[in-house]
Amino acid sequence: MSTIFGIFNRDGRSVSQVHTEKMSGHLSYWDPDESNIWGNGSIALGHLMLSTTPEAKLESLPAEQNYLCITSDARIDNRKELAESLDVNDNRAKEMSDSDFILAAYRKWGDECPRRLLGDFVFAIWDEKDRKLFCARDHIGIKSFYYYLDRNQFLFSNDIRGLASLSEVPDKIDDMAVAIYLTEGELWHPSITFFEAIKKLPPASTMSVKADKVIDETYWKAEDSPKVRFNTVEDYAEQLRELLEDSVKSRLRSEYPIGSHLSGGLDSSTIAAIASRYLRSSGRNLHTYSWMQAPANDFEENHFEWASSWRLAELEGMKHHYTDFKVDDLCHILMKHDIRMNDTVDLWYEFKVREKAKKSHIQTILSGWGGDELIS
C-alpha cells in the first residue's frame, strides 16, 4: 500500500519542515516508488507511492486542485459508475486518477462522498475554504488510519510508525490494548492501539478536523444493508461466486506481476484459482506463495498442507513458490519485530514471503484472510 501522513496545527502555527521530513524518513523503510510533501502554513500532507494500478501512473500526490489538496491510498473500483454520476465522459474518465475521482466526489457530495465510493481506500482532503481536514476510511477498514489529536494539533498516517516517530506523541502503553492482546492473541479493536495516545479511525468512518472542533461520523453499517433473499441455496452460492469473482478481478488491475497466498485451504485456493484464470486469459501468470518450506520427503509431499497447494498450482498453471527458513531468519524477525507497530507476531513467516515476492517485482499479494470470518 502507499503511505499517507499529515500534520494540522490547529493553533495556527506553521508546520515545521523538520517534523514532516522526520515522519517521511521513518515511513520510507519499504523503499517507496516516489515521495512528496505538500505544505501550506498550518497544514502539511505527505505521500509515499506504491504503484499498483494502471491509474497510479496518473497520480502525483499530494495533489492540489483549486482550494482542495488530497493525499490518499486508494483503489476505487466503481470508476464507471462514478463517472456517470459525476457527468464525466469516457475520454476524461480514462485520464482521471483514483484521487481525481475522490476529489470530484467530494466537490459534489461533500462529507457524504465516502458512501458513494467502492473499493479499498483511506484519504485526507484539506479544504482551504472551510479550513477543514476531512479524513475517511473504507467500509470494511482494509486500509488503516491512525491519528493523534490534542487541542493544538492533529497528526495522522496509515502507518503507525509515522506517529510513533514524533516526540510530541506520548509513548505510554495502553493497558487495555495489552489486556486484549494477551486474552485474544490479537488486537482486533476498531479504535485503540498499543499506544494510549494514538487512536484508529474505525472502518466506515469519517473525521472532520477544524481548529475549534472535531466531528466523527459513521457513514455505513453492515447490519443496515438491505436483506438478500433468494429461493434456493444454489442461488445464494451463485451470488457469492459472482461477488467473489468481481472482487478478485478488481484487485488484478496492475501493470506488475500479481501474487497470491496459496496454503491449499478453502479461502486462498478459491481466490488464487479465480485470479489465475483471469490472468491466464490475458496471457499472464499468477505467482503463488506457500508459507511452508519445500517438502523434504514423500510424507511431507503428500501431506495436505503441501499436496493441496502444489496440485492446485499445477492444475491451474500457477507459478508456485515455497518459503525458505533458517533458524537465524526466525530469530532475526522476532528480535526486530515490534508488536506495537504491527499488532501481532503470528505472521512472522509473511516477511519471508514478501522478500521473495519483491524479487519478482510483485506489488500486490492476494490473500484468503477474512474468508472464514466474512463468509464461512
# chains A, B, ... in the order shown; residues from 1 in each chain; ligands from 1
call {"tool": "select_by_dssp", "arguments": {"residues": "stretch 133-249 of chain A", "states": "strand (DSSP E)", "output": "PyMOL selection string"}}
result
chain A and resi 133-137+146-149+153-157+199-200+205-209+214-218
call {"tool": "select_by_dssp", "arguments": {"residues": "stretch 184-335 of chain A", "states": "helix (DSSP H, G or I)", "output": "number ranges by chain"}}
result
A: 184, 222-224, 233-250, 266-281, 298-302, 304-316, 327-335
call {"tool": "closest_residue", "arguments": {"among": "A:Lys319, A:Lys80, A:Glu196, A:Leu366", "to": "A:Ile274", "atoms": "only C-alpha atoms"}}
result
A:Leu366
call {"tool": "atom_distance", "arguments": {"atom1": "atom CA of A:Met49", "atom2": "atom CA of A:Ser72"}}
result
9.6 Å
call {"tool": "residues_around", "arguments": {"residues": "A:Ser24", "least_positions_apart": "5", "cutoff": "12 Å", "atoms": "only C-alpha atoms", "output": "PyMOL selection string"}}
result
chain A and resi 3-7+17-19+29-32+34-38+44-49+157+159+161-163+165-166
call {"tool": "write_last_selection", "arguments": {"atoms": "N, CA and C atoms", "output": "CSV table (one decimal), in the first residue's frame"}}
result
chain,number,residue,atom,x,y,z
A,3,THR,N,1.8,5.0,1.4
A,3,THR,CA,1.7,5.6,2.8
A,3,THR,C,1.3,7.0,2.7
A,4,ILE,N,0.4,7.4,3.6
A,4,ILE,CA,0.0,8.8,3.6
A,4,ILE,C,0.3,9.3,5.1
A,5,PHE,N,0.5,10.6,5.2
A,5,PHE,CA,0.6,11.2,6.5
A,5,PHE,C,0.4,12.7,6.4
A,6,GLY,N,0.2,13.3,7.6
A,6,GLY,CA,-0.1,14.7,7.6
A,6,GLY,C,0.0,15.3,9.0
A,7,ILE,N,0.1,16.6,9.0
A,7,ILE,CA,0.1,17.4,10.3
A,7,ILE,C,-0.8,18.6,10.1
A,17,GLN,N,9.1,21.9,8.8
A,17,GLN,CA,9.7,21.0,7.8
A,17,GLN,C,10.4,19.9,8.5
A,18,VAL,N,11.0,20.1,9.6
A,18,VAL,CA,11.7,19.1,10.4
A,18,VAL,C,10.8,17.9,10.7
A,19,HIS,N,9.6,18.3,11.1
A,19,HIS,CA,8.6,17.2,11.5
A,19,HIS,C,8.1,16.4,10.3
A,29,TYR,N,10.9,3.2,5.1
A,29,TYR,CA,11.6,1.9,5.3
A,29,TYR,C,11.4,0.9,4.2
A,30,TRP,N,10.2,1.0,3.5
A,30,TRP,CA,9.9,0.0,2.5
A,30,TRP,C,10.3,0.4,1.1
A,31,ASP,N,11.1,1.5,0.9
A,31,ASP,CA,11.6,1.9,-0.4
A,31,ASP,C,10.5,2.2,-1.4
A,32,PRO,N,9.8,3.3,-1.1
A,32,PRO,CA,8.7,3.7,-2.0
A,32,PRO,C,9.1,4.1,-3.4
A,34,GLU,N,8.0,6.7,-5.0
A,34,GLU,CA,8.1,8.2,-5.1
A,34,GLU,C,7.6,8.7,-3.8
A,35,SER,N,8.1,9.9,-3.4
A,35,SER,CA,7.7,10.5,-2.1
A,35,SER,C,7.6,12.0,-2.3
A,36,ASN,N,6.5,12.6,-1.7
A,36,ASN,CA,6.3,14.1,-1.9
A,36,ASN,C,5.7,14.6,-0.6
A,37,ILE,N,5.9,15.9,-0.3
A,37,ILE,CA,5.3,16.6,0.8
A,37,ILE,C,4.7,17.9,0.3
A,38,TRP,N,3.5,18.2,0.7
A,38,TRP,CA,2.9,19.5,0.3
A,38,TRP,C,2.6,20.2,1.6
A,44,ALA,N,0.2,20.3,6.5
A,44,ALA,CA,1.1,19.7,5.6
A,44,ALA,C,0.6,18.2,5.3
A,45,LEU,N,0.7,17.8,4.1
A,45,LEU,CA,0.3,16.4,3.7
A,45,LEU,C,1.5,15.7,3.0
A,46,GLY,N,1.6,14.4,3.3
A,46,GLY,CA,2.7,13.7,2.7
A,46,GLY,C,2.2,12.4,2.0
A,47,HIS,N,3.0,11.9,1.1
A,47,HIS,CA,2.6,10.7,0.3
A,47,HIS,C,3.8,9.9,-0.1
A,48,LEU,N,3.8,8.6,0.1
A,48,LEU,CA,4.9,7.7,-0.4
A,48,LEU,C,4.2,6.7,-1.3
A,49,MET,N,4.6,6.7,-2.5
A,49,MET,CA,3.8,5.9,-3.5
A,49,MET,C,4.3,4.5,-3.7
A,157,SER,N,-1.5,9.2,10.0
A,157,SER,CA,-0.8,8.3,9.0
A,157,SER,C,-1.6,7.0,8.9
A,159,ASP,N,0.3,4.4,8.6
A,159,ASP,CA,1.3,3.6,9.2
A,159,ASP,C,1.6,4.2,10.5
A,161,ARG,N,4.0,3.9,12.5
A,161,ARG,CA,5.4,4.3,12.7
A,161,ARG,C,5.5,5.9,12.5
A,162,GLY,N,4.8,6.4,11.6
A,162,GLY,CA,4.9,7.8,11.4
A,162,GLY,C,4.6,8.7,12.6
A,163,LEU,N,3.6,8.3,13.4
A,163,LEU,CA,3.2,9.0,14.6
A,163,LEU,C,4.1,8.7,15.7
A,165,SER,N,7.1,8.1,15.7
A,165,SER,CA,8.5,8.7,15.5
A,165,SER,C,8.6,10.1,16.1
A,166,LEU,N,7.5,10.7,16.4
A,166,LEU,CA,7.5,12.1,16.8
A,166,LEU,C,7.4,12.2,18.4
call {"tool": "atom_distance", "arguments": {"atom1": "atom CA of A:Val353", "atom2": "atom CA of A:Ala313"}}
result
16.7 Å
call {"tool": "atom_distance", "arguments": {"atom1": "atom CA of A:Lys359", "atom2": "atom CA of A:Lys326"}}
result
18.8 Å
call {"tool": "closest_residue", "arguments": {"among": "A:Tyr106, A:Phe230, A:Tyr67, A:Phe121", "to": "A:Ile142", "atoms": "only C-alpha atoms"}}
result
A:Phe121
call {"tool": "decode", "arguments": {"residues": "stretch 353-368 of chain A", "atoms": "N, CA, C and O atoms", "output": "mmCIF file, in the first residue's frame"}}
result
data_model
loop_
_atom_site.group_PDB
_atom_site.id
_atom_site.type_symbol
_atom_site.label_atom_id
_atom_site.label_comp_id
_atom_site.auth_asym_id
_atom_site.auth_seq_id
_atom_site.Cartn_x
_atom_site.Cartn_y
_atom_site.Cartn_z
ATOM 1 N N VAL A 353 7.875 -14.310 2.747
ATOM 2 C CA VAL A 353 7.084 -14.336 1.516
ATOM 3 C C VAL A 353 7.244 -13.013 0.776
ATOM 4 O O VAL A 353 7.432 -12.973 -0.445
ATOM 5 N N ARG A 354 7.166 -11.897 1.511
ATOM 6 C CA ARG A 354 7.287 -10.588 0.881
ATOM 7 C C ARG A 354 8.664 -10.398 0.248
ATOM 8 O O ARG A 354 8.785 -9.794 -0.819
ATOM 9 N N GLU A 355 9.688 -10.895 0.908
ATOM 10 C CA GLU A 355 11.036 -10.809 0.338
ATOM 11 C C GLU A 355 11.088 -11.497 -1.021
ATOM 12 O O GLU A 355 11.627 -10.965 -1.992
ATOM 13 N N LYS A 356 10.519 -12.697 -1.071
ATOM 14 C CA LYS A 356 10.551 -13.465 -2.315
ATOM 15 C C LYS A 356 9.690 -12.806 -3.388
ATOM 16 O O LYS A 356 10.077 -12.748 -4.570
ATOM 17 N N ALA A 357 8.529 -12.288 -2.993
ATOM 18 C CA ALA A 357 7.631 -11.635 -3.957
ATOM 19 C C ALA A 357 8.275 -10.384 -4.543
ATOM 20 O O ALA A 357 8.133 -10.089 -5.732
ATOM 21 N N LYS A 358 8.999 -9.645 -3.723
ATOM 22 C CA LYS A 358 9.631 -8.414 -4.197
ATOM 23 C C LYS A 358 10.661 -8.704 -5.290
ATOM 24 O O LYS A 358 10.821 -7.922 -6.231
ATOM 25 N N LYS A 359 11.335 -9.844 -5.187
ATOM 26 C CA LYS A 359 12.326 -10.207 -6.196
ATOM 27 C C LYS A 359 11.673 -10.460 -7.560
ATOM 28 O O LYS A 359 12.330 -10.359 -8.594
ATOM 29 N N SER A 360 10.378 -10.784 -7.544
ATOM 30 C CA SER A 360 9.635 -10.990 -8.797
ATOM 31 C C SER A 360 8.883 -9.735 -9.207
ATOM 32 O O SER A 360 8.013 -9.792 -10.085
ATOM 33 N N HIS A 361 9.190 -8.590 -8.548
ATOM 34 C CA HIS A 361 8.590 -7.277 -8.864
ATOM 35 C C HIS A 361 7.082 -7.268 -8.641
ATOM 36 O O HIS A 361 6.350 -6.536 -9.321
ATOM 37 N N ILE A 362 6.631 -8.068 -7.693
ATOM 38 C CA ILE A 362 5.206 -8.124 -7.374
ATOM 39 C C ILE A 362 4.855 -6.983 -6.425
ATOM 40 O O ILE A 362 5.516 -6.783 -5.409
ATOM 41 N N GLN A 363 3.801 -6.221 -6.762
ATOM 42 C CA GLN A 363 3.344 -5.109 -5.939
ATOM 43 C C GLN A 363 2.057 -5.440 -5.178
ATOM 44 O O GLN A 363 1.687 -4.716 -4.263
ATOM 45 N N THR A 364 1.375 -6.515 -5.582
ATOM 46 C CA THR A 364 0.108 -6.891 -4.960
ATOM 47 C C THR A 364 0.107 -8.379 -4.646
ATOM 48 O O THR A 364 0.389 -9.199 -5.521
ATOM 49 N N ILE A 365 -0.206 -8.726 -3.391
ATOM 50 C CA ILE A 365 -0.363 -10.117 -2.985
ATOM 51 C C ILE A 365 -1.798 -10.319 -2.513
ATOM 52 O O ILE A 365 -2.245 -9.663 -1.565
ATOM 53 N N LEU A 366 -2.532 -11.196 -3.178
ATOM 54 C CA LEU A 366 -3.885 -11.537 -2.752
ATOM 55 C C LEU A 366 -3.813 -12.516 -1.582
ATOM 56 O O LEU A 366 -2.813 -13.206 -1.398
ATOM 57 N N SER A 367 -4.885 -12.566 -0.789
ATOM 58 C CA SER A 367 -4.861 -13.454 0.375
ATOM 59 C C SER A 367 -6.267 -13.920 0.713
ATOM 60 O O SER A 367 -7.249 -13.262 0.380
ATOM 61 N N GLY A 368 -6.349 -15.042 1.385
ATOM 62 C CA GLY A 368 -7.639 -15.547 1.847
ATOM 63 C C GLY A 368 -8.023 -15.040 3.216
ATOM 64 O O GLY A 368 -9.067 -15.417 3.758
#
